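Structure file entry-v6.cif with mmCIF, C-alpha atoms:
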```cif
data_model
#
loop_
_atom_site.group_PDB
_atom_site.id
_atom_site.type_symbol
_atom_site.label_atom_id
_atom_site.label_comp_id
_atom_site.auth_asym_id
_atom_site.auth_seq_id
_atom_site.Cartn_x
_atom_site.Cartn_y
_atom_site.Cartn_z
ATOM 1 C CA MET A 1 25.751 2.886 39.474
ATOM 2 C CA SER A 2 29.155 1.204 39.388
ATOM 3 C CA GLU A 3 32.283 3.388 39.431
ATOM 4 C CA GLU A 4 33.373 1.465 36.317
ATOM 5 C CA CYS A 5 30.162 2.296 34.420
ATOM 6 C CA THR A 6 30.760 3.137 30.755
ATOM 7 C CA HIS A 7 27.234 4.599 30.368
ATOM 8 C CA ASP A 8 26.649 2.167 27.501
ATOM 9 C CA CYS A 9 23.798 -0.074 28.678
ATOM 10 C CA SER A 10 24.113 -2.302 25.594
ATOM 11 C CA THR A 11 27.470 -3.623 26.844
ATOM 12 C CA CYS A 12 26.419 -4.116 30.462
ATOM 13 C CA SER A 13 24.269 -6.737 32.159
ATOM 14 C CA ALA A 14 23.911 -4.924 35.489
ATOM 15 C CA ASN A 15 20.362 -4.107 36.527
ATOM 16 C CA CYS A 16 21.036 -0.656 37.963
ATOM 17 C CA SER A 17 18.755 2.340 38.340
ATOM 18 C CA SER A 18 20.474 4.153 35.497
ATOM 19 C CA ARG A 19 19.636 1.522 32.890
ATOM 20 C CA GLN A 20 17.560 3.137 30.144
ATOM 21 C CA GLN A 21 14.801 1.035 28.621
ATOM 22 C CA PRO A 22 13.882 1.768 25.004
ATOM 23 C CA GLU A 23 10.660 3.749 24.834
ATOM 24 C CA SER A 24 7.723 2.281 22.945
ATOM 25 C CA LEU A 25 6.710 4.193 19.821
ATOM 26 C CA ILE A 26 3.094 3.047 20.144
ATOM 27 C CA GLU A 27 0.749 6.031 20.177
ATOM 28 C CA PRO A 28 -1.991 6.060 22.829
ATOM 29 C CA GLN A 29 -5.578 5.606 21.792
ATOM 30 C CA ASN A 30 -8.019 8.445 22.158
ATOM 31 C CA ALA A 31 -9.649 8.450 25.586
ATOM 32 C CA GLY A 32 -12.924 7.669 23.820
ATOM 33 C CA SER A 33 -11.548 4.550 22.123
ATOM 34 C CA ASP A 34 -11.223 0.935 23.187
ATOM 35 C CA VAL A 35 -9.839 -1.012 20.222
ATOM 36 C CA LYS A 36 -9.118 -4.610 21.149
ATOM 37 C CA LYS A 37 -7.344 -5.938 18.044
ATOM 38 C CA VAL A 38 -5.740 -4.260 15.045
ATOM 39 C CA ILE A 39 -5.256 -6.162 11.786
ATOM 40 C CA ALA A 40 -3.243 -4.575 8.966
ATOM 41 C CA VAL A 41 -4.059 -5.580 5.390
ATOM 42 C CA VAL A 42 -0.987 -5.068 3.206
ATOM 43 C CA SER A 43 0.295 -5.688 -0.288
ATOM 44 C CA GLY A 44 3.674 -5.420 -1.910
ATOM 45 C CA LYS A 45 2.253 -3.633 -4.954
ATOM 46 C CA GLY A 46 -0.861 -1.718 -5.919
ATOM 47 C CA GLY A 47 -3.870 -2.967 -7.807
ATOM 48 C CA VAL A 48 -4.138 -6.417 -6.230
ATOM 49 C CA GLY A 49 -7.351 -5.858 -4.234
ATOM 50 C CA LYS A 50 -6.050 -4.939 -0.808
ATOM 51 C CA SER A 51 -8.882 -2.482 -0.156
ATOM 52 C CA LEU A 52 -11.406 -5.067 -1.337
ATOM 53 C CA VAL A 53 -10.112 -7.625 1.156
ATOM 54 C CA THR A 54 -10.066 -5.025 3.948
ATOM 55 C CA GLY A 55 -13.676 -4.123 3.279
ATOM 56 C CA LEU A 56 -14.858 -7.725 3.030
ATOM 57 C CA LEU A 57 -13.136 -8.719 6.286
ATOM 58 C CA ALA A 58 -14.868 -5.823 8.042
ATOM 59 C CA VAL A 59 -18.231 -6.853 6.550
ATOM 60 C CA LEU A 60 -17.873 -10.502 7.524
ATOM 61 C CA THR A 61 -16.633 -9.918 11.087
ATOM 62 C CA ARG A 62 -19.441 -7.392 11.585
ATOM 63 C CA ARG A 63 -21.916 -10.000 10.337
ATOM 64 C CA LEU A 64 -20.690 -12.330 13.101
ATOM 65 C CA GLY A 65 -21.799 -9.721 15.657
ATOM 66 C CA HIS A 66 -18.440 -8.073 16.357
ATOM 67 C CA GLU A 67 -17.896 -4.329 16.640
ATOM 68 C CA THR A 68 -15.795 -3.587 13.580
ATOM 69 C CA ALA A 69 -13.902 -0.570 12.259
ATOM 70 C CA VAL A 70 -11.902 0.399 9.175
ATOM 71 C CA LEU A 71 -8.979 2.813 9.370
ATOM 72 C CA ASP A 72 -8.216 3.844 5.799
ATOM 73 C CA ALA A 73 -4.457 4.437 5.929
ATOM 74 C CA ASP A 74 -4.211 4.703 2.144
ATOM 75 C CA ILE A 75 -4.208 8.502 2.393
ATOM 76 C CA THR A 76 -3.456 9.325 -1.247
ATOM 77 C CA GLY A 77 -5.794 6.671 -2.653
ATOM 78 C CA PRO A 78 -8.722 6.303 -0.226
ATOM 79 C CA SER A 79 -11.445 3.998 -1.549
ATOM 80 C CA MET A 80 -13.337 2.783 1.509
ATOM 81 C CA PRO A 81 -16.115 5.416 1.576
ATOM 82 C CA LYS A 82 -17.083 4.713 -2.057
ATOM 83 C CA MET A 83 -17.023 0.950 -1.519
ATOM 84 C CA PHE A 84 -19.420 1.274 1.418
ATOM 85 C CA GLY A 85 -21.524 4.070 -0.046
ATOM 86 C CA VAL A 86 -20.580 6.518 2.723
ATOM 87 C CA HIS A 87 -20.992 10.104 1.541
ATOM 88 C CA ASP A 88 -21.514 12.133 4.727
ATOM 89 C CA LYS A 89 -18.413 13.995 5.883
ATOM 90 C CA ALA A 90 -16.844 13.222 9.271
ATOM 91 C CA MET A 91 -17.897 15.415 12.156
ATOM 92 C CA GLY A 92 -16.036 16.397 15.301
ATOM 93 C CA CYS A 93 -16.569 17.427 18.895
ATOM 94 C CA ASP A 94 -14.423 18.694 21.752
ATOM 95 C CA GLU A 95 -13.115 15.182 22.439
ATOM 96 C CA GLY A 96 -12.079 14.369 18.878
ATOM 97 C CA ILE A 97 -13.266 13.249 15.442
ATOM 98 C CA LEU A 98 -16.352 11.076 15.102
ATOM 99 C CA PRO A 99 -16.022 8.150 12.678
ATOM 100 C CA ALA A 100 -18.591 7.641 9.958
ATOM 101 C CA LEU A 101 -20.954 4.666 10.138
ATOM 102 C CA THR A 102 -21.825 2.322 7.283
ATOM 103 C CA ARG A 103 -25.284 0.842 6.759
ATOM 104 C CA THR A 104 -24.506 -2.146 8.994
ATOM 105 C CA GLY A 105 -22.707 -0.144 11.683
ATOM 106 C CA ILE A 106 -19.060 -0.500 10.660
ATOM 107 C CA LYS A 107 -17.064 2.494 11.915
ATOM 108 C CA MET A 108 -14.876 4.190 9.358
ATOM 109 C CA MET A 109 -12.329 6.960 9.036
ATOM 110 C CA SER A 110 -10.856 7.944 5.683
ATOM 111 C CA LEU A 111 -9.339 11.117 4.316
ATOM 112 C CA ASN A 112 -12.141 11.297 1.751
ATOM 113 C CA LEU A 113 -14.496 11.921 4.672
ATOM 114 C CA LEU A 114 -12.548 15.108 5.422
ATOM 115 C CA LEU A 115 -12.054 16.472 1.905
ATOM 116 C CA GLU A 116 -14.489 18.958 0.418
ATOM 117 C CA ASN A 117 -14.703 16.905 -2.791
ATOM 118 C CA ASP A 118 -14.037 13.174 -3.127
ATOM 119 C CA THR A 119 -11.936 13.764 -6.241
ATOM 120 C CA ASP A 120 -9.637 16.378 -4.673
ATOM 121 C CA PRO A 121 -6.022 15.122 -4.987
ATOM 122 C CA VAL A 122 -3.923 14.667 -1.871
ATOM 123 C CA VAL A 123 -0.588 16.224 -2.840
ATOM 124 C CA TRP A 124 1.222 15.843 0.465
ATOM 125 C CA ARG A 125 4.723 14.892 1.530
ATOM 126 C CA GLY A 126 5.376 11.718 3.460
ATOM 127 C CA SER A 127 5.659 13.286 6.903
ATOM 128 C CA LEU A 128 2.213 14.897 6.638
ATOM 129 C CA ILE A 129 0.680 11.654 5.369
ATOM 130 C CA SER A 130 2.217 9.669 8.222
ATOM 131 C CA GLY A 131 1.048 12.254 10.750
ATOM 132 C CA THR A 132 -2.501 11.999 9.432
ATOM 133 C CA VAL A 133 -2.499 8.226 9.872
ATOM 134 C CA LYS A 134 -1.391 8.664 13.483
ATOM 135 C CA GLN A 135 -4.209 11.157 14.034
ATOM 136 C CA PHE A 136 -6.737 8.645 12.712
ATOM 137 C CA TRP A 137 -5.643 6.485 15.660
ATOM 138 C CA THR A 138 -5.171 9.122 18.369
ATOM 139 C CA ASP A 139 -7.834 11.718 17.521
ATOM 140 C CA VAL A 140 -10.788 9.605 16.403
ATOM 141 C CA LEU A 141 -13.395 8.552 18.968
ATOM 142 C CA TRP A 142 -13.627 4.921 17.896
ATOM 143 C CA GLY A 143 -15.547 3.757 20.957
ATOM 144 C CA ASP A 144 -15.696 -0.006 21.592
ATOM 145 C CA VAL A 145 -14.136 -1.919 18.681
ATOM 146 C CA ASP A 146 -13.404 -5.644 18.617
ATOM 147 C CA TYR A 147 -11.533 -5.656 15.290
ATOM 148 C CA MET A 148 -10.021 -2.709 13.477
ATOM 149 C CA PHE A 149 -8.815 -3.311 9.923
ATOM 150 C CA CYS A 150 -6.166 -0.951 8.539
ATOM 151 C CA ASP A 151 -6.223 -0.571 4.779
ATOM 152 C CA MET A 152 -2.573 0.110 4.022
ATOM 153 C CA PRO A 153 -1.031 1.750 0.965
ATOM 154 C CA PRO A 154 1.005 -0.646 -1.169
ATOM 155 C CA GLY A 155 4.688 -1.217 -0.575
ATOM 156 C CA THR A 156 6.953 -0.901 2.446
ATOM 157 C CA GLY A 157 7.360 2.864 2.751
ATOM 158 C CA ASP A 158 6.540 5.607 5.254
ATOM 159 C CA VAL A 159 2.920 4.774 6.035
ATOM 160 C CA PRO A 160 3.313 1.007 6.620
ATOM 161 C CA LEU A 161 6.315 1.763 8.835
ATOM 162 C CA THR A 162 4.286 4.396 10.727
ATOM 163 C CA VAL A 163 1.389 2.002 11.275
ATOM 164 C CA PHE A 164 3.598 -0.877 12.394
ATOM 165 C CA GLN A 165 5.483 1.356 14.843
ATOM 166 C CA SER A 166 2.654 3.581 16.076
ATOM 167 C CA LEU A 167 -0.333 1.233 16.255
ATOM 168 C CA PRO A 168 -0.492 -2.001 18.292
ATOM 169 C CA VAL A 169 -0.879 -4.202 15.221
ATOM 170 C CA ASP A 170 -1.709 -7.790 16.215
ATOM 171 C CA GLY A 171 -1.437 -9.434 12.814
ATOM 172 C CA ILE A 172 -0.948 -8.871 9.105
ATOM 173 C CA ILE A 173 -2.848 -10.280 6.150
ATOM 174 C CA ILE A 174 -1.006 -10.049 2.832
ATOM 175 C CA VAL A 175 -2.988 -9.661 -0.390
ATOM 176 C CA ALA A 176 -1.458 -10.757 -3.680
ATOM 177 C CA SER A 177 -2.389 -11.607 -7.236
ATOM 178 C CA PRO A 178 -1.255 -14.807 -8.963
ATOM 179 C CA GLN A 179 1.093 -13.068 -11.394
ATOM 180 C CA GLU A 180 4.680 -14.040 -12.106
ATOM 181 C CA LEU A 181 6.180 -11.345 -9.864
ATOM 182 C CA VAL A 182 4.100 -12.381 -6.862
ATOM 183 C CA GLY A 183 6.923 -14.336 -5.214
ATOM 184 C CA MET A 184 9.366 -11.464 -4.939
ATOM 185 C CA ILE A 185 6.684 -8.907 -3.988
ATOM 186 C CA VAL A 186 5.076 -11.075 -1.312
ATOM 187 C CA GLU A 187 8.473 -11.868 0.163
ATOM 188 C CA LYS A 188 9.163 -8.143 0.602
ATOM 189 C CA ALA A 189 5.964 -7.810 2.644
ATOM 190 C CA ILE A 190 6.776 -10.936 4.639
ATOM 191 C CA ASN A 191 10.300 -9.727 5.380
ATOM 192 C CA MET A 192 9.009 -6.333 6.561
ATOM 193 C CA ALA A 193 6.600 -8.098 8.905
ATOM 194 C CA LYS A 194 9.480 -10.154 10.295
ATOM 195 C CA LEU A 195 11.587 -7.025 10.718
ATOM 196 C CA MET A 196 8.771 -5.389 12.710
ATOM 197 C CA GLU A 197 8.141 -8.645 14.649
ATOM 198 C CA ILE A 198 4.455 -8.762 13.698
ATOM 199 C CA PRO A 199 2.923 -12.158 12.823
ATOM 200 C CA VAL A 200 1.620 -12.794 9.320
ATOM 201 C CA LEU A 201 -1.781 -14.471 9.637
ATOM 202 C CA GLY A 202 -1.801 -15.606 6.034
ATOM 203 C CA ILE A 203 -2.051 -14.662 2.374
ATOM 204 C CA VAL A 204 -5.186 -13.904 0.376
ATOM 205 C CA GLU A 205 -4.917 -14.357 -3.381
ATOM 206 C CA ASN A 206 -7.209 -12.083 -5.377
ATOM 207 C CA MET A 207 -8.161 -12.481 -9.065
ATOM 208 C CA SER A 208 -7.272 -16.152 -8.733
ATOM 209 C CA TYR A 209 -9.607 -17.510 -11.400
ATOM 210 C CA MET A 210 -12.843 -16.930 -13.247
ATOM 211 C CA LYS A 211 -15.732 -19.287 -13.878
ATOM 212 C CA CYS A 212 -17.022 -19.986 -17.349
ATOM 213 C CA PRO A 213 -20.632 -18.716 -17.379
ATOM 214 C CA ASP A 214 -21.704 -21.661 -19.557
ATOM 215 C CA CYS A 215 -20.042 -24.738 -18.022
ATOM 216 C CA GLY A 216 -18.785 -23.438 -14.660
ATOM 217 C CA LYS A 217 -15.202 -24.548 -15.337
ATOM 218 C CA LYS A 218 -12.485 -22.582 -13.535
ATOM 219 C CA ILE A 219 -10.146 -20.625 -15.792
ATOM 220 C CA PHE A 220 -6.815 -19.365 -14.407
ATOM 221 C CA PRO A 221 -5.835 -16.344 -16.545
ATOM 222 C CA PHE A 222 -2.655 -15.627 -14.535
ATOM 223 C CA GLY A 223 -1.616 -19.214 -13.900
ATOM 224 C CA GLU A 224 -2.270 -21.499 -10.953
ATOM 225 C CA GLY A 225 -0.420 -22.331 -7.749
ATOM 226 C CA ARG A 226 2.199 -19.558 -7.628
ATOM 227 C CA THR A 227 0.923 -17.843 -4.497
ATOM 228 C CA LYS A 228 0.470 -21.167 -2.697
ATOM 229 C CA ASP A 229 4.076 -22.089 -3.478
ATOM 230 C CA VAL A 230 5.288 -18.843 -1.874
ATOM 231 C CA ALA A 231 3.012 -19.345 1.136
ATOM 232 C CA ASP A 232 4.250 -22.917 1.604
ATOM 233 C CA ALA A 233 7.889 -21.816 1.307
ATOM 234 C CA HIS A 234 7.413 -19.431 4.239
ATOM 235 C CA GLY A 235 5.117 -21.658 6.295
ATOM 236 C CA ILE A 236 2.226 -19.208 5.919
ATOM 237 C CA PRO A 237 -1.317 -20.375 5.168
ATOM 238 C CA LEU A 238 -3.053 -19.428 1.938
ATOM 239 C CA LEU A 239 -6.296 -18.220 3.486
ATOM 240 C CA ALA A 240 -8.409 -17.524 0.423
ATOM 241 C CA GLN A 241 -8.563 -17.442 -3.355
ATOM 242 C CA ILE A 242 -10.990 -14.798 -4.575
ATOM 243 C CA PRO A 243 -12.205 -15.157 -8.161
ATOM 244 C CA ILE A 244 -12.754 -12.429 -10.725
ATOM 245 C CA ASP A 245 -16.474 -11.888 -10.174
ATOM 246 C CA PRO A 246 -18.473 -9.187 -12.015
ATOM 247 C CA ALA A 247 -21.163 -9.258 -9.298
ATOM 248 C CA LEU A 248 -18.626 -8.384 -6.589
ATOM 249 C CA ALA A 249 -17.228 -5.595 -8.755
ATOM 250 C CA ARG A 250 -20.732 -4.162 -9.164
ATOM 251 C CA GLU A 251 -21.300 -4.250 -5.399
ATOM 252 C CA CYS A 252 -18.062 -2.340 -4.749
ATOM 253 C CA ASP A 253 -18.661 0.206 -7.505
ATOM 254 C CA GLY A 254 -22.239 0.712 -6.302
ATOM 255 C CA GLY A 255 -21.258 1.263 -2.675
ATOM 256 C CA VAL A 256 -23.091 -1.845 -1.470
ATOM 257 C CA VAL A 257 -20.180 -4.150 -0.607
ATOM 258 C CA GLU A 258 -22.088 -5.109 2.554
ATOM 259 C CA LEU A 259 -24.361 -7.226 0.329
ATOM 260 C CA PHE A 260 -21.434 -9.610 -0.269
ATOM 261 C CA ASN A 261 -22.509 -13.155 0.538
ATOM 262 C CA GLU A 262 -19.867 -15.629 -0.598
ATOM 263 C CA GLY A 263 -17.717 -17.964 1.494
ATOM 264 C CA TRP A 264 -14.373 -17.241 -0.121
ATOM 265 C CA LEU A 265 -12.925 -15.506 2.953
ATOM 266 C CA ASP A 266 -14.213 -17.817 5.689
ATOM 267 C CA LYS A 267 -10.706 -19.059 6.584
ATOM 268 C CA ALA A 268 -9.358 -15.515 6.618
ATOM 269 C CA VAL A 269 -12.096 -14.428 9.020
ATOM 270 C CA GLU A 270 -11.315 -17.430 11.219
ATOM 271 C CA ALA A 271 -7.635 -16.442 11.267
ATOM 272 C CA VAL A 272 -8.574 -12.918 12.352
ATOM 273 C CA VAL A 273 -10.929 -14.068 15.096
ATOM 274 C CA ASN A 274 -8.365 -16.559 16.430
ATOM 275 C CA CYS A 275 -5.456 -14.109 16.249
ATOM 276 C CA PRO A 276 -3.996 -13.700 19.754
ATOM 277 C CA LYS A 277 -3.432 -10.253 21.177
ATOM 278 C CA ARG A 278 0.213 -9.355 20.566
ATOM 279 C CA GLU A 279 2.224 -8.152 23.527
ATOM 280 C CA VAL A 280 3.666 -4.868 22.377
ATOM 281 C CA LYS A 281 7.144 -4.151 23.731
#
```

What do you get writing this file as structure tokens?
Amino acid sequence: MSEECTHDCSTCSANCSSRQQPESLIEPQNAGSDVKKVIAVVSGKGGVGKSLVTGLLAVLTRRLGHETAVLDADITGPSMPKMFGVHDKAMGCDEGILPALTRTGIKMMSLNLLLENDTDPVVWRGSLISGTVKQFWTDVLWGDVDYMFCDMPPGTGDVPLTVFQSLPVDGIIIVASPQELVGMIVEKAINMAKLMEIPVLGIVENMSYMKCPDCGKKIFPFGEGRTKDVADAHGIPLLAQIPIDPALARECDGGVVELFNEGWLDKAVEAVVNCPKREVK
């Protein structure tokens, strides 16, 4: 250490032994976990189909033969177990919590798998909610997982910040609807991703259109092209446009989302598979 040291490393370029490197906030995985890639599915507002997209991405990557998992970080509004028809409660052992398995072998952890009743409200403060999300990463025995999808709560509050800081997120997929406010809301999510230095893989537009049952013509109830304009303005690909489809709604409500067999999300799946592993600082 130099005799002239001010003890302020930010103003000094010397590479001395006293230089303090900022500590990473990334939480370690459970010893029984080996998660290769983490993809966060986010939205700037609620009700746009973020959980739907999370579930479908897990289904489609699993169908390609990958080991897939869903971490339901939407603690106060968990919907994944119902969508997949998972009713058995999570079990534990000395090493940690065991994730539930869906019919096709997707691993899942959600707060609804720990509650006595699915309809019990989660009236918790932010710190407890954030701590629970961390525990879903550190205390669950995920085993070998190629792609983990995190279903995030809407907005840019405590839980998204916790996930982005505590989990080694490799990429973000933003879900939006084609409504008038989409530009401002999507930009908030994009700007948070930039602030956290996590790449945005693309945008998925849900409720884009509906098809006339008689002639097959596409009808755009919320207007056309708004989400694509925002994506183009930020140099982000529009990965998918999911229509309003009663059959898909029935599959989700009936807990059989794994029966989904449309090609709407093929580009989104490709973006996930081709997403490089991010070097976490």

Under the rule of at most 8 Å, produce a per-residue listing of range 153-216 of chain A near range 27-41 of chain A: chain, number, name, the closest pair of atoms, and the distance in Å, as a tab-separated table, using only C-alpha atoms.
```
residue	atom	partner	partner_atom	distance
A:Ser166	CA	A:Glu27	CA	5.1
A:Leu167	CA	A:Glu27	CA	6.3
A:Pro168	CA	A:Val38	CA	6.6
A:Val169	CA	A:Val38	CA	4.9
A:Asp170	CA	A:Val38	CA	5.5
A:Gly171	CA	A:Ile39	CA	5.1
A:Ile172	CA	A:Ala40	CA	4.9
A:Ile173	CA	A:Val41	CA	4.9
A:Ile174	CA	A:Val41	CA	6.0
A:Val175	CA	A:Val41	CA	7.2
```

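Proximity of A:Ala231, A:Leu239, A:Ile198, A:Val123 to Glu279 in chain A, computed with only C-alpha atoms, is greatest for A:Ile198.
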
From A:Val133, A:Met80, A:Val42, A:Leu98, residue lying nearest Asn112 in chain A [all atoms listed in the file] | A:Met80

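In terms of minimum interatomic distance to Leu141 in chain A, A:Ala69 ranks closest within A:Ile185, A:Gly85, A:Ala69, A:Ser79, counting all atoms listed in the file.
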
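CA of Pro78 in chain A to CA of Leu115 in chain A spans 10.9 Å [interatomic distance, one decimal].
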
Each residue of range 208-264 of chain A lying at most 9 Å from range 45-56 of chain A should get a row with its shortest atom-to-atom pair and the distance in Å to one decimal, counting all atoms listed in the file; could you produce that, ordered by chain and increasing number, as a Markdown table?
```
| residue | atom | partner | partner_atom | distance |
| --- | --- | --- | --- | --- |
| A:Cys252 | CA | A:Leu52 | CA | 8.0 |
| A:Val257 | CA | A:Leu56 | CA | 7.4 |
| A:Glu258 | CA | A:Leu56 | CA | 7.7 |
| A:Phe260 | CA | A:Leu56 | CA | 7.6 |
```

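Among the candidates A:Tyr209, A:Gly157, A:Tyr147, A:Ile203, the residue lying nearest to Asn274 in chain A is A:Tyr147 (atoms considered: all atoms listed in the file).
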
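The closest residue to Pro276 in chain A, picked from A:Val200, A:Ile97, A:Pro213, A:Arg226 and counting all atoms listed in the file, is A:Val200.
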
Quote the spacing between CA of Glu262 in chain A and CA of Val145 in chain A in Å to one decimal place.
-> 24.3 Å

Who sits within 9 Å of His87 in chain A, all atoms listed in the file, same chain under 3 positions skipped, as a ChimeraX atom specification = /A:81-82,84,112-113,118

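Between CA of Gly126 in chain A and CA of Leu161 in chain A lies a distance of 11.4 Å.
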
Specify the axis-aligned box that encloses all atoms of range 200-206 of chain A listed in the file after padding of 6 Å on each side, stating its centre and edge lengths in Å to one decimal as lines of an AutoDock Vina configuration file.
```
center_x = -2.8
center_y = -13.8
center_z = 2.1
size_x = 20.8
size_y = 15.5
size_z = 27.0
```

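Closest approach to Asp151 in chain A among A:Val163, A:Glu67, A:Ala268, A:Leu201 is made by A:Val163 (distances from all atoms listed in the file).
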
Hey, what's within 9 Å of Met196 in chain A if we count only C-alpha atoms and toss same-chain stuff fewer than 2 positions away? As an MDAnalysis selection string, please?
-> chainID A and resid 161 164:165 191:194 198:199

Mind telling me what the PyMOL selection byres ((chain A and resi 265) around 9) catches here, as JSON, numbers by chain?
-> {"A": [53, 56, 57, 60, 204, 239, 240, 241, 242, 262, 263, 264, 266, 267, 268, 269, 270]}

In file coordinates, which residues lie within 12 Å of (-4.7, -22.6, -12.8) using only C-alpha atoms, given as an mmCIF file with C-alpha atoms, in the coordinates of the input?
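That gives us out.cif:
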```cif
data_model
loop_
_atom_site.group_PDB
_atom_site.id
_atom_site.type_symbol
_atom_site.label_atom_id
_atom_site.label_comp_id
_atom_site.auth_asym_id
_atom_site.auth_seq_id
_atom_site.Cartn_x
_atom_site.Cartn_y
_atom_site.Cartn_z
ATOM 1 C CA PRO A 178 -1.255 -14.807 -8.963
ATOM 2 C CA GLN A 179 1.093 -13.068 -11.394
ATOM 3 C CA MET A 207 -8.161 -12.481 -9.065
ATOM 4 C CA SER A 208 -7.272 -16.152 -8.733
ATOM 5 C CA TYR A 209 -9.607 -17.510 -11.400
ATOM 6 C CA MET A 210 -12.843 -16.930 -13.247
ATOM 7 C CA LYS A 211 -15.732 -19.287 -13.878
ATOM 8 C CA LYS A 217 -15.202 -24.548 -15.337
ATOM 9 C CA LYS A 218 -12.485 -22.582 -13.535
ATOM 10 C CA ILE A 219 -10.146 -20.625 -15.792
ATOM 11 C CA PHE A 220 -6.815 -19.365 -14.407
ATOM 12 C CA PRO A 221 -5.835 -16.344 -16.545
ATOM 13 C CA PHE A 222 -2.655 -15.627 -14.535
ATOM 14 C CA GLY A 223 -1.616 -19.214 -13.900
ATOM 15 C CA GLU A 224 -2.270 -21.499 -10.953
ATOM 16 C CA GLY A 225 -0.420 -22.331 -7.749
ATOM 17 C CA ARG A 226 2.199 -19.558 -7.628
ATOM 18 C CA THR A 227 0.923 -17.843 -4.497
ATOM 19 C CA LYS A 228 0.470 -21.167 -2.697
ATOM 20 C CA GLN A 241 -8.563 -17.442 -3.355
ATOM 21 C CA PRO A 243 -12.205 -15.157 -8.161
#
```

Can you list, as a PyMOL selection string, every protein, DNA or RNA residue that comes within 12 Å of Ile75 in chain A when you count only C-alpha atoms, leaving out same-chain residues fewer than 2 positions away?
-> chain A and resi 71-73+77-80+109-115+120-136+150-154+158-160
